[in-house]
There are 2 protein chains.
Amino acid sequence: MIKIQEKFKIVYNYSVYFIENLFDRGQNYFSYILDECGIQHNSKFLFFIDSNVAVLHPDLIKDIKFFFNSGNYKLADTPLIISGGEVVKNDFANVHSILEAIDKYGIDRHSYIVAIGGGAVLDAVGFAAAIGHRGIRHIRIPSTVLSQNDSGVGVKNGINYFGKKNFIGTFAPPFIVINDFNLLHTLSARDFRSGFAEAIKVGLIKDDSFFDFIEEHASELIDRDSEIIKQLIRRCAEIHLQHIAGGDPFEQGNSRPLDYGHWSAHKLEQLSNYRILHGEAVIMGMCLDAVYANLKGLLHEKEMMRLIHLSKKLEFKVYAPEMEVNNNKVKSGLLEGLQEFREHLGGQLTIMLLEKIGKGIEVHEMDEEFIMKAVSILKEND
Amino acid sequence: MIKIQEKFKIVYNYSVYFIENLFDRGQNYFSYILDECGIQHNSKFLFFIDSNVAVLHPDLIKDIKFFFNSGNYKLADTPLIISGGEVVKNDFANVHSILEAIDKYGIDRHSYIVAIGGGAVLDAVGFAAAIGHRGIRHIRIPSTVLSQNDSGVGVKNGINYFGKKNFIGTFAPPFIVINDFNLLHTLSARDFRSGFAEAIKVGLIKDDSFFDFIEEHASELIDRDSEIIKQLIRRCAEIHLQHIAGGDPFEQGNSRPLDYGHWSAHKLEQLSNYRILHGEAVIMGMCLDAVYANLKGLLHEKEMMRLIHLSKKLEFKVYAPEMEVNNNKVKSGLLEGLQEFREHLGGQLTIMLLEKIGKGIEVHEMDEEFIMKAVSILKEND
């Protein structure tokens, strides 16, 4: 037996910008960013815009065309519109359409695919970009609080398949991320608010002072106070990025602290046919695991109640009837989420629970009876 | 404008084993390899076997089951058979079927997908494994000379889409590669021989002494002399792996020396509806570019003729009528391969030509008239 050992490393390096009004004609933000990131003149860009964004920002396409009229870079065609919301991830046909555009416009590995939209659109476009020609450079311009502080700045993409969340996808770091604060003004209260969930999450598992900050400024957050929102997004994105760089970016191990509250959140989204938004489901999932941790003697009741109170102050529900839907008449469909979560991560079941705010602890089994007891407690507290 | 810089590296490390008769019941090769690579007991394995291999090695499935009966590892089910040959890459439905099995058998990121087969099967299974749950560990057991010395040991996968070779795929290093010499005995003369092409290629662009070795042992190669074949495969795989580790593993730049002769080879495969095997097309493509380089004054005629003579001694054709098929009645469809090659790589057209055997030089344009002149010369020399 003879063996050759193959070893190499790949370095990933990308910038996340925080800006207001990227395509402002008086400023040259986009041009400055492309320059700073070393993008060659004459490079070709293909844009995809979330239909929700296109409707709420009717001048966006004009502004993009105006920018490219300056002549330094090539615009493949008028930006293409792609349906917003989680549904875009439910059908591979949408990925196929993006690939068709890649083919039609001759987008190659040295061209740029830009996606402007919510997390779902970024996920679907990002996935197509990651597999087209084995990986086309991808620029993300997240348009929601949730995608600006969480998924949009990270390294994952994916679509749902066989009815399972993110069943196919890749780890593919973006080339650039641009968080344009201006895109958030037009969000509905519900979409806006749902973005707070991941910020609360990183506070809970990584940084109690950030959780304190959110608690302290809950009213301003509901009032969409610009300065507070900007701080929230920046700090959340920063903690998220630090975690990726410092840990296991492509999730080769078992541990997934950033998935606190997510085992049930993913399942609740699916059980509700995506009536419940991702951020809303994450709040419920985090509260559920906090109550569970309290029942198991891990988390003090006072800390648990801080999370429930904050969630309610931010106008979230902490309970949904979908938590108790019996899929197979024996037990709640919610509990299937544990097995699906384990399968998606692989290896041993690993769930992050809270010991206190700012500090998580991993457990490897969950007691179904206690989970359902936690559901009842949330129902009472909702 | 505020900026956060995200930077991290991912280290890839995998072993390529050269072995004879992996599942020999008297030996414990597979067990030894799994142990050495740190695979935990009780891990789950799902096997896919190329239909060509399954037919030629009727005991293989029995041997695999026998191995797993020992109880240290779990076999998800009887190995699944998947059609061999390039056609498997022409239909996304095949990837869908592999994903279905991943779902059905609960294959997660800490399970192992093993593919035994030719390059096409490894490419299709590898692609499904790379996107399922954002990347499932993948063990490759290449069954042809070509896949053992070239694609099977590398980091790419892919399928054809929109009729374009490898239009979608990823860079996803395998977890382990096992080159079992025993699988090669049953190959047809044509399949066997076609594997020499990539060995000649690495000799031409990287190592003249390896080219000398192939020239010197051409008769033994045709006679399938075991020792010479083993040396050829090992050395070719080694040069290939050194190139990947030392260069640009995920092909982020323009340069692609390992694609010498491939711009026309990919197109010839497609123009012939895959009548011409990959290795056969690569021989034609390399001869074409050698004649072109000679016409352009880059390569001495003697060196060009060494390649043509070696190709013919190894019973390859150096010309195919598909080289002259006029797709659009204006010029040969072959020439479209240049543009498609450029698009797949992205950026500037970069073609590797030969200055002499063992030494390449990159050019950024190709003269269509000279290409067609080179075609005529090959036709005369065929």
# chains A, B, ... in the order shown; residues from 1 in each chain; ligands from 1
>>> interface_residues(of="chain B", to="chain A", cutoff="6 Å", atoms="only C-alpha atoms", output="PyMOL selection string")
chain B and resi 1-19+108-110+131-134+167-170+245+343-347
>>> select_by_dssp(residues="stretch 250-316 of chain A", states="alpha helix (DSSP H)", output="ChimeraX atom specification")
/A:262-271,278-295,301-313
>>> write_last_selection(atoms="C-alpha atoms", output="tab-separated table (two decimals), in the first residue's frame")
chain	number	residue	atom	x	y	z
A	262	HIS	CA	-32.86	26.95	15.58
A	263	TRP	CA	-33.71	23.26	15.78
A	264	SER	CA	-37.33	24.09	16.51
A	265	ALA	CA	-37.33	27.36	14.56
A	266	HIS	CA	-36.60	25.60	11.25
A	267	LYS	CA	-39.33	23.07	11.95
A	268	LEU	CA	-41.86	25.75	12.96
A	269	GLU	CA	-41.28	27.62	9.73
A	270	GLN	CA	-42.00	24.46	7.81
A	271	LEU	CA	-44.98	23.36	9.94
A	278	HIS	CA	-37.63	33.04	10.24
A	279	GLY	CA	-36.93	35.68	12.89
A	280	GLU	CA	-40.27	35.05	14.57
A	281	ALA	CA	-39.60	31.34	14.65
A	282	VAL	CA	-36.12	31.92	16.08
A	283	ILE	CA	-37.62	33.96	18.95
A	284	MET	CA	-40.03	31.12	19.73
A	285	GLY	CA	-37.25	28.56	19.44
A	286	MET	CA	-34.96	30.51	21.77
A	287	CYS	CA	-37.69	31.01	24.34
A	288	LEU	CA	-38.57	27.33	24.12
A	289	ASP	CA	-34.99	26.27	24.79
A	290	ALA	CA	-34.68	28.82	27.60
A	291	VAL	CA	-37.77	27.44	29.35
A	292	TYR	CA	-36.48	23.93	28.73
A	293	ALA	CA	-33.10	24.87	30.22
A	294	ASN	CA	-34.88	26.30	33.25
A	295	LEU	CA	-36.96	23.12	33.68
A	301	GLU	CA	-35.93	31.61	36.03
A	302	LYS	CA	-35.04	35.30	36.20
A	303	GLU	CA	-32.83	35.00	33.11
A	304	MET	CA	-35.46	32.98	31.29
A	305	MET	CA	-38.05	35.65	32.07
A	306	ARG	CA	-35.72	38.40	30.83
A	307	LEU	CA	-35.73	36.74	27.41
A	308	ILE	CA	-39.50	36.21	27.39
A	309	HIS	CA	-40.14	39.80	28.50
A	310	LEU	CA	-37.76	41.24	25.94
A	311	SER	CA	-39.36	39.16	23.19
A	312	LYS	CA	-42.81	40.40	24.15
A	313	LYS	CA	-41.61	43.97	24.49
>>> residues_around(residues="stretch 47-60 of chain B", least_positions_apart="3", cutoff="7 Å", atoms="only C-alpha atoms", output="JSON, numbers by chain")
{"B": [63, 64, 79, 80, 81, 82, 83, 84, 113, 114, 115, 116, 117, 118, 121, 186]}
>>> write_last_selection(atoms="C-alpha atoms", output="compact mmCIF listing (two decimals), in the first residue's frame")
# COMPACT_ATOMS: atom_id res chain seq x y z
CA ASP B 63 -17.46 -8.20 -0.64
CA ILE B 64 -18.64 -4.81 0.58
CA PRO B 79 -24.80 -0.37 -2.66
CA LEU B 80 -26.82 1.56 -5.21
CA ILE B 81 -26.03 1.17 -8.89
CA ILE B 82 -25.66 4.25 -11.04
CA SER B 83 -25.27 4.28 -14.84
CA GLY B 84 -21.70 4.64 -15.94
CA ILE B 113 -20.70 8.64 0.64
CA VAL B 114 -18.49 6.25 -1.28
CA ALA B 115 -18.47 6.23 -5.06
CA ILE B 116 -16.81 3.44 -7.01
CA GLY B 117 -16.63 4.18 -10.70
CA GLY B 118 -15.29 6.06 -13.65
CA VAL B 121 -19.91 8.69 -11.89
CA THR B 186 -11.55 -5.66 -16.48
>>> select_by_dssp(residues="stretch 66-239 of chain B", states="strand (DSSP E or B)", output="VMD selection string")
chain B and resid 74 to 75 80 to 82 112 to 117 132 137 to 142 156 159 to 161 164 to 168 171 176 to 180
>>> atom_distance(atom1="atom CA of A:Gly358", atom2="atom CA of A:Glu215")
13.3 Å
>>> residues_around(residues="B:Ile361", least_positions_apart="3", cutoff="12 Å", atoms="only C-alpha atoms", output="list in words")
Leu204, Ile205, Lys206, Ser255, Arg256, Pro257, Tyr260, Asp289, Ala290, Ala293, Leu298, Leu299, Thr350, Ile351, Met352, Leu353, Leu354, Glu355, Lys356, Ile357, Gly358 and His364 of chain B
>>> residues_around(residues="stretch 321-323 of chain A", least_positions_apart="6", cutoff="8 Å", atoms="only C-alpha atoms", output="list in words")
Leu268, Leu271, Ser272, Ser332, Gly333, Leu334 and Val375 of chain A
>>> write_last_selection(atoms="N, CA and C atoms", output="PDB file, in the first residue's frame")
ATOM      1  N   LEU A 268     -40.650  24.921  12.853  1.00  0.00           N
ATOM      2  CA  LEU A 268     -41.857  25.752  12.962  1.00  0.00           C
ATOM      3  C   LEU A 268     -42.143  26.498  11.664  1.00  0.00           C
ATOM      4  N   LEU A 271     -43.645  23.780   9.484  1.00  0.00           N
ATOM      5  CA  LEU A 271     -44.984  23.360   9.940  1.00  0.00           C
ATOM      6  C   LEU A 271     -46.028  24.447   9.676  1.00  0.00           C
ATOM      7  N   SER A 272     -45.587  25.696   9.668  1.00  0.00           N
ATOM      8  CA  SER A 272     -46.534  26.790   9.459  1.00  0.00           C
ATOM      9  C   SER A 272     -46.638  27.161   7.980  1.00  0.00           C
ATOM     10  N   SER A 332     -45.973  15.606  18.845  1.00  0.00           N
ATOM     11  CA  SER A 332     -45.945  16.840  18.067  1.00  0.00           C
ATOM     12  C   SER A 332     -44.928  16.767  16.933  1.00  0.00           C
ATOM     13  N   GLY A 333     -45.304  17.323  15.787  1.00  0.00           N
ATOM     14  CA  GLY A 333     -44.403  17.380  14.642  1.00  0.00           C
ATOM     15  C   GLY A 333     -43.140  18.160  14.969  1.00  0.00           C
ATOM     16  N   LEU A 334     -43.270  19.069  15.918  1.00  0.00           N
ATOM     17  CA  LEU A 334     -42.125  19.873  16.347  1.00  0.00           C
ATOM     18  C   LEU A 334     -40.935  18.995  16.719  1.00  0.00           C
ATOM     19  N   VAL A 375     -43.387  23.952  26.034  1.00  0.00           N
ATOM     20  CA  VAL A 375     -44.380  24.513  25.108  1.00  0.00           C
ATOM     21  C   VAL A 375     -45.586  25.030  25.906  1.00  0.00           C
TER      22      VAL A 375
END
>>> closest_residue(among="A:Ala320, A:Leu184, A:Ala120, A:Ile239", to="A:Asp208", atoms="only C-alpha atoms")
A:Ile239
